[in-house]
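Asks: Before I ask anything, here is the structure I am working with.
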Amino acid sequence: MKLPPLFAAWRQTLRAGYGGHELRRDLVAGLTVGIIAIPLAMALAIAVGVAPQHGLYTVLLASPLIALTGGSRFNVSGPTAAFVVILLPITQQFGLGGLLLCTMLAGLILIALGLLRAGKLIAFVPYPVTLGFTAGIGIVIATLQLKDAFGLTFATQPQHYLDQLSLLAQALPAIQPGDTLVAGLCLAVLIVWPRLVPKVPGHLVALVVGALAGLALETAGLPVATLGERFSYSVDGVAHPGIPPFLPDFAWPWLLPGPDGQPLTLNFELFHQLLAPAFAIAMLGAIESLLCAVVADGMTGSQHDPNAELLGQGIGNLVAPLFGGITATAAIARSATNVRAGASSPLAAIIHAGVVLVAILWLAPLFSYLPMAALAALLIMVAWNMSEAPHVIRTLRIAPRSDVLVLLTCLVLTVLFDMVLAVGVGLLLAAGLFIKRMSELTDTTALQRGQHRLLEDLPEHVAAFAIRGPLFFGAAEKALGVLRRFNPQVRVVIVDISGVPMMDMTALAALENVLLDYRKLGVALILSGSSARVRLKLRRAGIHRLEGQLYYVHDLAQARTKALRLWPADAATSSATA
């Protein structure tokens with residue numbers, strides 16, 4: 001088995017040529033994306049139920065590893081909003097240790113997918129399924145951020161969406177005006193700023209404005225919850241607000257706190273419980289990373305290696321949790337920004353991780369002043385962009401009803417239940433509807449003598465049919481069943497299968513049943529125009545030429561000649577007279 005190459009993106013870069021000009025472009029792109037990644041990484045870590053520094057550790061470790069070993073020159077990896085709906089329940093049930101261990105299992109699954117060269121298979125996920133679950137994820141993320149945007153406090157964090165809405169409704173009378181004002185101001189900046197000054201990242205401006213507004217409101221007597229009040233770290237038993245200004249230490253995930261604050265018990269049952277969510281993480285990571293690579297290819301004219309990208313994503317998610325990093329995948333928004341900023345190679349993603357390193361070591365104390373409402377506003381905007389509302393509305397308006405049904409099913413199931421169920425049901429529904437559409441393309445028609453010159457002088461004891469379309473399990477029984485409906489006096493049946501591109505085992509079994517019925521009735525079957533592929537399948541199935549029962553001919557002219565030899569016109573006349 002040929003293994004997908006490591007460093008595929010770097011090989012592409014070197015083949016394309018790399019020099020001082022490309023290095024300068026990578027530096028600019030890396031700095032731009034790094035500035036955007038810092039608040040997003042912290043906000044997404046908080047959204048999945050862990051301390052904000054774990055989001056920064058993810059960028060610091062997973063992003064350069066994936067850039068080094070992956071298959072896309074322009075992908076920028078790190079925490080993404082798509083994982084929130086999967087990772088938050090894992091954190092609630094298994095704690096930080098369980099989340100990191102689950103991420104490592106997902107990394108192993110991604111490596112296996114890369115080694116099995118499964119990258120091309122992701123292209124078979126239908127667009128309505130992808131659009132449906134991403135829109136649903138956007139709705140869930142936005143709902144989760146309303147708590148911090150309004151300054152609300154919950155005694156418990158429910159897992160189900162309807163319970164979250166109920167708890168929000170009950171807590172609405174306790175809205176904090178300071179937090180609400182900061183969230184509204186940050187949202188306004190995030191919406192307006194890109195239109196006014198598109199070259200300066202709006203995320204950074206919104207957080208600066210939010211922090212200054214929070215300080216002003218605190219001075220005016222309106223409390224605003226900050227990151228330093230919500231999170232802290234300990235050094236030599238002394239608690240400090242915010243995030244630690246030093247690099248993470250190596251630690252096995254199972255030695256970190258579980259849901260009860262104690263280290264996890266490493267056993268088969270734990271792996272069994274984590275396997276399903278790990279598989280969901282791997283599948284979503286594969287889909288999002290490869291979609292991101294396709295978007296980057298479209299913007300740059302490059303071509304990624306899907307299997308190498310899966311391998312790189314797996315390596316990043318296997319190693320990063322050992323140093324506190326949570327799940328990472330390629331982020332479409334950050335990768336698109338990377339391309340627009342002029343990136344030339346994976347070095348831009350590595351530089352963006354370097355920006356995060358500088359922020360951890362020198363700017364960590366300042367992060368304590370960031371309002372939680374500002375981070376919530378940032379994720380609400382991410383959720384809006386992720387939901388792709390204009391695309392959803394356009395799809396609902398112009399798509400076939402079957403695609404609309406798939407999209408709405410995935411969206412509703414993602415919101416009310418979870419993404420794993422939504423994707424599974426969506427794929428099954430899309431596959432079922434596709435099979436139905438394909439079966440409608442396959443039909444069997446009787447060939448009328450007046451419409452075909454070669455059939456004009458055939459006796460009435462010869463019937464002719466034509467099958468058009470693929471003969472597979474969804475269409476075979478219906479298409480071949482027509483061959484049983486003819487005049488009892490018929491002794492020869494011609495079937496034109498030149499329009500049949502493929503046959504599966506169901507079709508072969510159905511054809512064998514037709515032959516068995518013909519044998520009992522004394523009817524001979526002539527198959528005309530079979531392609532080499534179909535003929536090979538028939539031969540492998542043991543459906544060979546048999547004198548007096550089954551014949552293969554190249555076209556209808558030969559079929560006519562063969563039918564007249566088997567049942568000449570004078571024989572038909574004498575039979576009718578008798």
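A note on labels: chains of the structure tokens are A, B, ... as shown, every chain counts residues from 1, and ligands are counted from 1 in their shown order.
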Using only C-alpha atoms, determine which residues lie at most 10 Å from Ala142 of chain A, disregarding the query and same-chain residues fewer than 4 positions distant; provide the list as a PDB file with all heavy atoms, in the first residue's frame.
Replies:
```
ATOM      1  N   ILE A 137     -25.052  23.930  13.882  1.00  0.00           N
ATOM      2  CA  ILE A 137     -23.989  24.216  14.843  1.00  0.00           C
ATOM      3  C   ILE A 137     -23.921  25.710  15.135  1.00  0.00           C
ATOM      4  O   ILE A 137     -23.749  26.133  16.284  1.00  0.00           O
ATOM      5  CB  ILE A 137     -22.631  23.701  14.311  1.00  0.00           C
ATOM      6  CG1 ILE A 137     -22.605  22.171  14.334  1.00  0.00           C
ATOM      7  CG2 ILE A 137     -21.474  24.250  15.135  1.00  0.00           C
ATOM      8  CD1 ILE A 137     -21.396  21.571  13.652  1.00  0.00           C
ATOM      9  N   GLY A 138     -24.065  26.525  14.097  1.00  0.00           N
ATOM     10  CA  GLY A 138     -24.052  27.973  14.291  1.00  0.00           C
ATOM     11  C   GLY A 138     -25.162  28.424  15.235  1.00  0.00           C
ATOM     12  O   GLY A 138     -24.940  29.272  16.113  1.00  0.00           O
ATOM     13  N   LEU A 146     -25.312  33.418  24.621  1.00  0.00           N
ATOM     14  CA  LEU A 146     -26.236  34.410  25.172  1.00  0.00           C
ATOM     15  C   LEU A 146     -26.062  34.560  26.677  1.00  0.00           C
ATOM     16  O   LEU A 146     -26.275  35.643  27.230  1.00  0.00           O
ATOM     17  CB  LEU A 146     -27.680  34.016  24.836  1.00  0.00           C
ATOM     18  CG  LEU A 146     -28.039  34.043  23.350  1.00  0.00           C
ATOM     19  CD1 LEU A 146     -29.478  33.617  23.141  1.00  0.00           C
ATOM     20  CD2 LEU A 146     -27.794  35.427  22.763  1.00  0.00           C
ATOM     21  N   LYS A 147     -25.657  33.482  27.327  1.00  0.00           N
ATOM     22  CA  LYS A 147     -25.447  33.521  28.782  1.00  0.00           C
ATOM     23  C   LYS A 147     -24.415  34.591  29.148  1.00  0.00           C
ATOM     24  O   LYS A 147     -24.677  35.478  29.971  1.00  0.00           O
ATOM     25  CB  LYS A 147     -25.003  32.144  29.265  1.00  0.00           C
ATOM     26  CG  LYS A 147     -24.485  32.090  30.681  1.00  0.00           C
ATOM     27  CD  LYS A 147     -24.092  30.666  31.030  1.00  0.00           C
ATOM     28  CE  LYS A 147     -23.318  30.608  32.342  1.00  0.00           C
ATOM     29  NZ  LYS A 147     -21.962  31.164  32.184  1.00  0.00           N
ATOM     30  N   ALA A 149     -23.162  36.909  27.110  1.00  0.00           N
ATOM     31  CA  ALA A 149     -23.478  38.188  26.479  1.00  0.00           C
ATOM     32  C   ALA A 149     -24.405  39.023  27.349  1.00  0.00           C
ATOM     33  O   ALA A 149     -24.316  40.261  27.353  1.00  0.00           O
ATOM     34  CB  ALA A 149     -24.117  37.952  25.109  1.00  0.00           C
ATOM     35  N   ALA A 376     -18.010  36.553  24.081  1.00  0.00           N
ATOM     36  CA  ALA A 376     -19.287  35.969  23.637  1.00  0.00           C
ATOM     37  C   ALA A 376     -19.743  36.607  22.332  1.00  0.00           C
ATOM     38  O   ALA A 376     -20.217  35.927  21.412  1.00  0.00           O
ATOM     39  CB  ALA A 376     -20.343  36.147  24.721  1.00  0.00           C
ATOM     40  N   ALA A 377     -19.593  37.933  22.225  1.00  0.00           N
ATOM     41  CA  ALA A 377     -19.973  38.619  20.987  1.00  0.00           C
ATOM     42  C   ALA A 377     -19.133  38.129  19.815  1.00  0.00           C
ATOM     43  O   ALA A 377     -19.631  37.964  18.691  1.00  0.00           O
ATOM     44  CB  ALA A 377     -19.810  40.131  21.164  1.00  0.00           C
ATOM     45  N   LEU A 378     -17.856  37.897  20.081  1.00  0.00           N
ATOM     46  CA  LEU A 378     -16.965  37.387  19.036  1.00  0.00           C
ATOM     47  C   LEU A 378     -17.460  36.042  18.517  1.00  0.00           C
ATOM     48  O   LEU A 378     -17.508  35.802  17.300  1.00  0.00           O
ATOM     49  CB  LEU A 378     -15.556  37.257  19.603  1.00  0.00           C
ATOM     50  CG  LEU A 378     -14.457  36.758  18.663  1.00  0.00           C
ATOM     51  CD1 LEU A 378     -14.294  37.702  17.489  1.00  0.00           C
ATOM     52  CD2 LEU A 378     -13.147  36.610  19.416  1.00  0.00           C
ATOM     53  N   LEU A 379     -17.868  35.149  19.415  1.00  0.00           N
ATOM     54  CA  LEU A 379     -18.347  33.827  18.994  1.00  0.00           C
ATOM     55  C   LEU A 379     -19.727  33.906  18.349  1.00  0.00           C
ATOM     56  O   LEU A 379     -20.051  33.086  17.486  1.00  0.00           O
ATOM     57  CB  LEU A 379     -18.377  32.871  20.187  1.00  0.00           C
ATOM     58  CG  LEU A 379     -17.031  32.325  20.642  1.00  0.00           C
ATOM     59  CD1 LEU A 379     -17.215  31.234  21.679  1.00  0.00           C
ATOM     60  CD2 LEU A 379     -16.220  31.785  19.469  1.00  0.00           C
ATOM     61  N   ILE A 380     -20.536  34.862  18.763  1.00  0.00           N
ATOM     62  CA  ILE A 380     -21.833  35.035  18.088  1.00  0.00           C
ATOM     63  C   ILE A 380     -21.621  35.408  16.629  1.00  0.00           C
ATOM     64  O   ILE A 380     -22.310  34.903  15.729  1.00  0.00           O
ATOM     65  CB  ILE A 380     -22.680  36.105  18.818  1.00  0.00           C
ATOM     66  CG1 ILE A 380     -23.156  35.556  20.173  1.00  0.00           C
ATOM     67  CG2 ILE A 380     -23.877  36.521  17.970  1.00  0.00           C
ATOM     68  CD1 ILE A 380     -23.863  36.581  21.035  1.00  0.00           C
ATOM     69  N   MET A 381     -20.650  36.281  16.375  1.00  0.00           N
ATOM     70  CA  MET A 381     -20.345  36.642  14.993  1.00  0.00           C
ATOM     71  C   MET A 381     -19.780  35.451  14.230  1.00  0.00           C
ATOM     72  O   MET A 381     -20.120  35.229  13.060  1.00  0.00           O
ATOM     73  CB  MET A 381     -19.357  37.809  14.966  1.00  0.00           C
ATOM     74  CG  MET A 381     -18.990  38.286  13.570  1.00  0.00           C
ATOM     75  SD  MET A 381     -20.419  38.751  12.546  1.00  0.00           S
ATOM     76  CE  MET A 381     -21.049  40.139  13.481  1.00  0.00           C
ATOM     77  N   VAL A 382     -18.923  34.656  14.891  1.00  0.00           N
ATOM     78  CA  VAL A 382     -18.404  33.434  14.265  1.00  0.00           C
ATOM     79  C   VAL A 382     -19.558  32.484  13.930  1.00  0.00           C
ATOM     80  O   VAL A 382     -19.595  31.879  12.854  1.00  0.00           O
ATOM     81  CB  VAL A 382     -17.383  32.747  15.190  1.00  0.00           C
ATOM     82  CG1 VAL A 382     -17.022  31.358  14.670  1.00  0.00           C
ATOM     83  CG2 VAL A 382     -16.121  33.598  15.318  1.00  0.00           C
ATOM     84  N   ALA A 383     -20.496  32.352  14.865  1.00  0.00           N
ATOM     85  CA  ALA A 383     -21.646  31.466  14.639  1.00  0.00           C
ATOM     86  C   ALA A 383     -22.485  31.947  13.453  1.00  0.00           C
ATOM     87  O   ALA A 383     -22.961  31.140  12.648  1.00  0.00           O
ATOM     88  CB  ALA A 383     -22.496  31.400  15.905  1.00  0.00           C
ATOM     89  N   TRP A 384     -22.668  33.266  13.342  1.00  0.00           N
ATOM     90  CA  TRP A 384     -23.438  33.804  12.212  1.00  0.00           C
ATOM     91  C   TRP A 384     -22.747  33.479  10.888  1.00  0.00           C
ATOM     92  O   TRP A 384     -23.383  33.042   9.928  1.00  0.00           O
ATOM     93  CB  TRP A 384     -23.618  35.303  12.373  1.00  0.00           C
ATOM     94  CG  TRP A 384     -24.132  35.964  11.121  1.00  0.00           C
ATOM     95  CD1 TRP A 384     -23.427  36.680  10.218  1.00  0.00           C
ATOM     96  CD2 TRP A 384     -25.481  35.919  10.627  1.00  0.00           C
ATOM     97  NE1 TRP A 384     -24.232  37.104   9.187  1.00  0.00           N
ATOM     98  CE2 TRP A 384     -25.498  36.645   9.412  1.00  0.00           C
ATOM     99  CE3 TRP A 384     -26.657  35.343  11.084  1.00  0.00           C
ATOM    100  CZ2 TRP A 384     -26.658  36.818   8.670  1.00  0.00           C
ATOM    101  CZ3 TRP A 384     -27.810  35.503  10.335  1.00  0.00           C
ATOM    102  CH2 TRP A 384     -27.809  36.226   9.149  1.00  0.00           C
ATOM    103  N   SER A 387     -23.048  29.776  10.113  1.00  0.00           N
ATOM    104  CA  SER A 387     -24.382  29.286   9.738  1.00  0.00           C
ATOM    105  C   SER A 387     -24.671  29.471   8.260  1.00  0.00           C
ATOM    106  O   SER A 387     -25.541  28.788   7.703  1.00  0.00           O
ATOM    107  CB  SER A 387     -25.448  30.005  10.554  1.00  0.00           C
ATOM    108  OG  SER A 387     -25.508  31.379  10.193  1.00  0.00           O
TER     109      SER A 387
END
```
Asks: With only C-alpha atoms as the counted atoms, please give the residues lying no more than 9 Å from Gly136 of chain A, apart from itself and same-chain residues fewer than 3 positions off, as a ChimeraX atom specification.
Replies: /A:131-133,139-141,387,410-416,419
Asks: Could those selected residues go to a file with N, CA, C and O atoms, as a PDB file, in the first residue's frame?
Replies:
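Output saved as result16.pdb:
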```pdb
ATOM      1  N   LEU A 131     -24.214  21.720   4.751  1.00  0.00           N
ATOM      2  CA  LEU A 131     -24.832  23.014   5.029  1.00  0.00           C
ATOM      3  C   LEU A 131     -25.808  22.911   6.198  1.00  0.00           C
ATOM      4  O   LEU A 131     -25.882  23.820   7.040  1.00  0.00           O
ATOM      5  N   GLY A 132     -26.517  21.803   6.290  1.00  0.00           N
ATOM      6  CA  GLY A 132     -27.495  21.629   7.365  1.00  0.00           C
ATOM      7  C   GLY A 132     -26.849  21.541   8.730  1.00  0.00           C
ATOM      8  O   GLY A 132     -27.258  22.236   9.674  1.00  0.00           O
ATOM      9  N   PHE A 133     -25.809  20.714   8.863  1.00  0.00           N
ATOM     10  CA  PHE A 133     -25.234  20.582  10.209  1.00  0.00           C
ATOM     11  C   PHE A 133     -24.383  21.791  10.586  1.00  0.00           C
ATOM     12  O   PHE A 133     -24.304  22.152  11.765  1.00  0.00           O
ATOM     13  N   ILE A 139     -26.349  27.854  15.086  1.00  0.00           N
ATOM     14  CA  ILE A 139     -27.473  28.204  15.966  1.00  0.00           C
ATOM     15  C   ILE A 139     -27.165  27.820  17.413  1.00  0.00           C
ATOM     16  O   ILE A 139     -27.402  28.597  18.353  1.00  0.00           O
ATOM     17  N   VAL A 140     -26.629  26.621  17.606  1.00  0.00           N
ATOM     18  CA  VAL A 140     -26.323  26.151  18.959  1.00  0.00           C
ATOM     19  C   VAL A 140     -25.247  27.025  19.605  1.00  0.00           C
ATOM     20  O   VAL A 140     -25.353  27.413  20.777  1.00  0.00           O
ATOM     21  N   ILE A 141     -24.193  27.344  18.850  1.00  0.00           N
ATOM     22  CA  ILE A 141     -23.104  28.165  19.398  1.00  0.00           C
ATOM     23  C   ILE A 141     -23.627  29.534  19.807  1.00  0.00           C
ATOM     24  O   ILE A 141     -23.321  30.045  20.899  1.00  0.00           O
ATOM     25  N   SER A 387     -23.048  29.776  10.113  1.00  0.00           N
ATOM     26  CA  SER A 387     -24.382  29.286   9.738  1.00  0.00           C
ATOM     27  C   SER A 387     -24.671  29.471   8.260  1.00  0.00           C
ATOM     28  O   SER A 387     -25.541  28.788   7.703  1.00  0.00           O
ATOM     29  N   CYS A 410     -31.031  17.683   8.780  1.00  0.00           N
ATOM     30  CA  CYS A 410     -29.724  17.812   9.433  1.00  0.00           C
ATOM     31  C   CYS A 410     -29.692  19.003  10.385  1.00  0.00           C
ATOM     32  O   CYS A 410     -29.142  18.916  11.485  1.00  0.00           O
ATOM     33  N   LEU A 411     -30.279  20.114   9.965  1.00  0.00           N
ATOM     34  CA  LEU A 411     -30.277  21.313  10.802  1.00  0.00           C
ATOM     35  C   LEU A 411     -31.039  21.066  12.105  1.00  0.00           C
ATOM     36  O   LEU A 411     -30.531  21.338  13.202  1.00  0.00           O
ATOM     37  N   VAL A 412     -32.251  20.529  11.993  1.00  0.00           N
ATOM     38  CA  VAL A 412     -33.085  20.317  13.184  1.00  0.00           C
ATOM     39  C   VAL A 412     -32.457  19.281  14.118  1.00  0.00           C
ATOM     40  O   VAL A 412     -32.419  19.476  15.344  1.00  0.00           O
ATOM     41  N   LEU A 413     -31.943  18.185  13.561  1.00  0.00           N
ATOM     42  CA  LEU A 413     -31.342  17.156  14.400  1.00  0.00           C
ATOM     43  C   LEU A 413     -30.071  17.668  15.087  1.00  0.00           C
ATOM     44  O   LEU A 413     -29.799  17.303  16.240  1.00  0.00           O
ATOM     45  N   THR A 414     -29.293  18.508  14.393  1.00  0.00           N
ATOM     46  CA  THR A 414     -28.097  19.082  15.019  1.00  0.00           C
ATOM     47  C   THR A 414     -28.477  19.956  16.195  1.00  0.00           C
ATOM     48  O   THR A 414     -27.842  19.898  17.260  1.00  0.00           O
ATOM     49  N   VAL A 415     -29.509  20.766  16.033  1.00  0.00           N
ATOM     50  CA  VAL A 415     -29.911  21.682  17.096  1.00  0.00           C
ATOM     51  C   VAL A 415     -30.533  20.925  18.269  1.00  0.00           C
ATOM     52  O   VAL A 415     -30.177  21.150  19.436  1.00  0.00           O
ATOM     53  N   LEU A 416     -31.452  20.020  17.984  1.00  0.00           N
ATOM     54  CA  LEU A 416     -32.205  19.371  19.053  1.00  0.00           C
ATOM     55  C   LEU A 416     -31.472  18.184  19.675  1.00  0.00           C
ATOM     56  O   LEU A 416     -31.696  17.862  20.845  1.00  0.00           O
ATOM     57  N   MET A 419     -24.708  16.504  16.419  1.00  0.00           N
ATOM     58  CA  MET A 419     -24.233  16.497  15.043  1.00  0.00           C
ATOM     59  C   MET A 419     -24.040  15.090  14.502  1.00  0.00           C
ATOM     60  O   MET A 419     -24.241  14.821  13.324  1.00  0.00           O
TER      61      MET A 419
END
```
Asks: Write out as a PyMOL selection string each polymer residue whose atoms come within 10 Å of Phe486 of chain A, counting only C-alpha atoms; drop sequence neighbours fewer than 2 positions from it.
Replies: chain A and resi 446+462-464+482-484+488-490+493
Asks: With C-alpha atoms retained, could you export that selection as an mmCIF file, in the first residue's frame?
Replies:
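This went into again-v3.cif:
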```
data_model
loop_
_atom_site.group_PDB
_atom_site.id
_atom_site.type_symbol
_atom_site.label_atom_id
_atom_site.label_comp_id
_atom_site.auth_asym_id
_atom_site.auth_seq_id
_atom_site.Cartn_x
_atom_site.Cartn_y
_atom_site.Cartn_z
ATOM 1 C CA ALA A 446 -41.427 -2.804 -25.117
ATOM 2 C CA VAL A 462 -40.932 -12.889 -30.740
ATOM 3 C CA ALA A 463 -41.100 -10.042 -28.183
ATOM 4 C CA ALA A 464 -38.536 -7.231 -27.907
ATOM 5 C CA VAL A 482 -41.318 -6.208 -16.999
ATOM 6 C CA LEU A 483 -39.657 -9.052 -18.941
ATOM 7 C CA ARG A 484 -42.168 -11.454 -17.417
ATOM 8 C CA PRO A 488 -48.154 -16.500 -23.482
ATOM 9 C CA GLN A 489 -47.514 -17.478 -27.124
ATOM 10 C CA VAL A 490 -44.112 -15.726 -27.164
ATOM 11 C CA VAL A 493 -37.526 -12.524 -26.084
#
```
Asks: Considering only C-alpha atoms, return as a PyMOL selection string whatever protein or nucleic-acid residues lie within 7 Å of segment 550-565 of chain A, sequence-local ones (same chain, fewer than 3 positions apart) excluded.
Replies: chain A and resi 454-455+492+494+524-529+545-547+568-569
Asks: Keeping only all heavy atoms, write those residues as a CSV table (one decimal), in the first residue's frame.
Replies:
```
chain,number,residue,atom,x,y,z
A,454,LEU,N,-35.8,-3.0,-38.0
A,454,LEU,CA,-35.3,-4.3,-37.9
A,454,LEU,C,-36.3,-5.3,-37.3
A,454,LEU,O,-36.1,-6.5,-37.4
A,454,LEU,CB,-34.0,-4.3,-37.1
A,454,LEU,CG,-32.8,-3.6,-37.7
A,454,LEU,CD1,-31.7,-3.5,-36.7
A,454,LEU,CD2,-32.3,-4.3,-38.9
A,455,LEU,N,-37.3,-4.7,-36.6
A,455,LEU,CA,-38.3,-5.6,-36.0
A,455,LEU,C,-39.6,-5.8,-36.7
A,455,LEU,O,-40.5,-6.5,-36.3
A,455,LEU,CB,-38.6,-5.0,-34.6
A,455,LEU,CG,-37.4,-4.8,-33.7
A,455,LEU,CD1,-37.9,-4.2,-32.3
A,455,LEU,CD2,-36.6,-6.0,-33.4
A,492,VAL,N,-39.6,-16.4,-28.0
A,492,VAL,CA,-38.3,-15.7,-28.1
A,492,VAL,C,-38.4,-14.3,-27.5
A,492,VAL,O,-39.3,-13.6,-28.0
A,492,VAL,CB,-37.6,-15.7,-29.5
A,492,VAL,CG1,-36.3,-15.0,-29.4
A,492,VAL,CG2,-37.5,-17.1,-30.0
A,494,ILE,N,-36.2,-10.8,-27.1
A,494,ILE,CA,-35.0,-10.0,-27.3
A,494,ILE,C,-34.9,-8.8,-26.3
A,494,ILE,O,-35.9,-8.1,-26.2
A,494,ILE,CB,-35.0,-9.4,-28.8
A,494,ILE,CG1,-35.0,-10.6,-29.8
A,494,ILE,CG2,-33.8,-8.5,-29.0
A,494,ILE,CD1,-35.2,-10.1,-31.2
A,524,ALA,N,-36.7,-18.6,-25.1
A,524,ALA,CA,-35.3,-18.3,-25.3
A,524,ALA,C,-35.1,-16.8,-25.1
A,524,ALA,O,-35.9,-16.0,-25.5
A,524,ALA,CB,-34.8,-18.7,-26.6
A,525,LEU,N,-34.0,-16.4,-24.5
A,525,LEU,CA,-33.6,-15.0,-24.2
A,525,LEU,C,-32.4,-14.6,-25.0
A,525,LEU,O,-31.4,-15.3,-25.0
A,525,LEU,CB,-33.4,-14.8,-22.7
A,525,LEU,CG,-32.9,-13.4,-22.3
A,525,LEU,CD1,-34.0,-12.3,-22.6
A,525,LEU,CD2,-32.5,-13.3,-20.9
A,526,ILE,N,-32.5,-13.5,-25.7
A,526,ILE,CA,-31.4,-13.0,-26.5
A,526,ILE,C,-31.0,-11.6,-25.9
A,526,ILE,O,-31.8,-10.7,-26.0
A,526,ILE,CB,-31.8,-12.8,-28.0
A,526,ILE,CG1,-32.2,-14.2,-28.6
A,526,ILE,CG2,-30.6,-12.2,-28.8
A,526,ILE,CD1,-32.7,-14.1,-30.0
A,527,LEU,N,-29.8,-11.5,-25.4
A,527,LEU,CA,-29.3,-10.2,-24.8
A,527,LEU,C,-28.5,-9.5,-25.9
A,527,LEU,O,-27.5,-10.1,-26.4
A,527,LEU,CB,-28.5,-10.5,-23.6
A,527,LEU,CG,-29.3,-11.0,-22.4
A,527,LEU,CD1,-28.3,-11.3,-21.2
A,527,LEU,CD2,-30.4,-10.1,-22.0
A,528,SER,N,-28.9,-8.3,-26.2
A,528,SER,CA,-28.3,-7.5,-27.3
A,528,SER,C,-27.5,-6.3,-26.8
A,528,SER,O,-28.0,-5.6,-26.0
A,528,SER,CB,-29.3,-7.1,-28.3
A,528,SER,OG,-28.8,-6.2,-29.2
A,529,GLY,N,-26.3,-6.1,-27.3
A,529,GLY,CA,-25.5,-4.9,-27.1
A,529,GLY,C,-24.9,-4.7,-25.7
A,529,GLY,O,-24.7,-3.6,-25.3
A,545,ARG,N,-23.8,-18.3,-22.3
A,545,ARG,CA,-24.6,-18.7,-23.4
A,545,ARG,C,-25.0,-20.2,-23.3
A,545,ARG,O,-24.2,-21.0,-23.0
A,545,ARG,CB,-23.8,-18.5,-24.7
A,545,ARG,CG,-24.6,-18.9,-26.0
A,545,ARG,CD,-23.7,-18.8,-27.2
A,545,ARG,NE,-24.4,-19.1,-28.4
A,545,ARG,CZ,-24.7,-20.4,-28.8
A,545,ARG,NH1,-24.3,-21.4,-28.2
A,545,ARG,NH2,-25.4,-20.6,-30.0
A,546,LEU,N,-26.3,-20.5,-23.5
A,546,LEU,CA,-26.8,-21.8,-23.4
A,546,LEU,C,-27.8,-22.1,-24.5
A,546,LEU,O,-28.8,-21.4,-24.7
A,546,LEU,CB,-27.5,-22.0,-22.0
A,546,LEU,CG,-27.9,-23.4,-21.7
A,546,LEU,CD1,-26.7,-24.3,-21.6
A,546,LEU,CD2,-28.6,-23.5,-20.3
A,547,GLU,N,-27.4,-23.1,-25.4
A,547,GLU,CA,-28.2,-23.3,-26.6
A,547,GLU,C,-29.7,-23.5,-26.2
A,547,GLU,O,-30.0,-24.3,-25.4
A,547,GLU,CB,-27.7,-24.6,-27.3
A,547,GLU,CG,-28.2,-24.8,-28.6
A,547,GLU,CD,-27.9,-23.7,-29.6
A,547,GLU,OE1,-26.7,-23.2,-29.5
A,547,GLU,OE2,-28.7,-23.4,-30.5
A,568,PRO,N,-38.6,-19.2,-37.0
A,568,PRO,CA,-38.8,-18.6,-38.3
A,568,PRO,C,-40.2,-18.2,-38.6
A,568,PRO,O,-41.1,-18.7,-37.9
A,568,PRO,CB,-38.3,-19.7,-39.3
A,568,PRO,CG,-38.3,-21.0,-38.5
A,568,PRO,CD,-38.1,-20.6,-37.1
A,569,ALA,N,-40.4,-17.3,-39.5
A,569,ALA,CA,-41.8,-16.8,-39.8
A,569,ALA,C,-42.7,-17.9,-40.2
A,569,ALA,O,-43.9,-17.9,-39.9
A,569,ALA,CB,-41.7,-15.7,-40.9
```
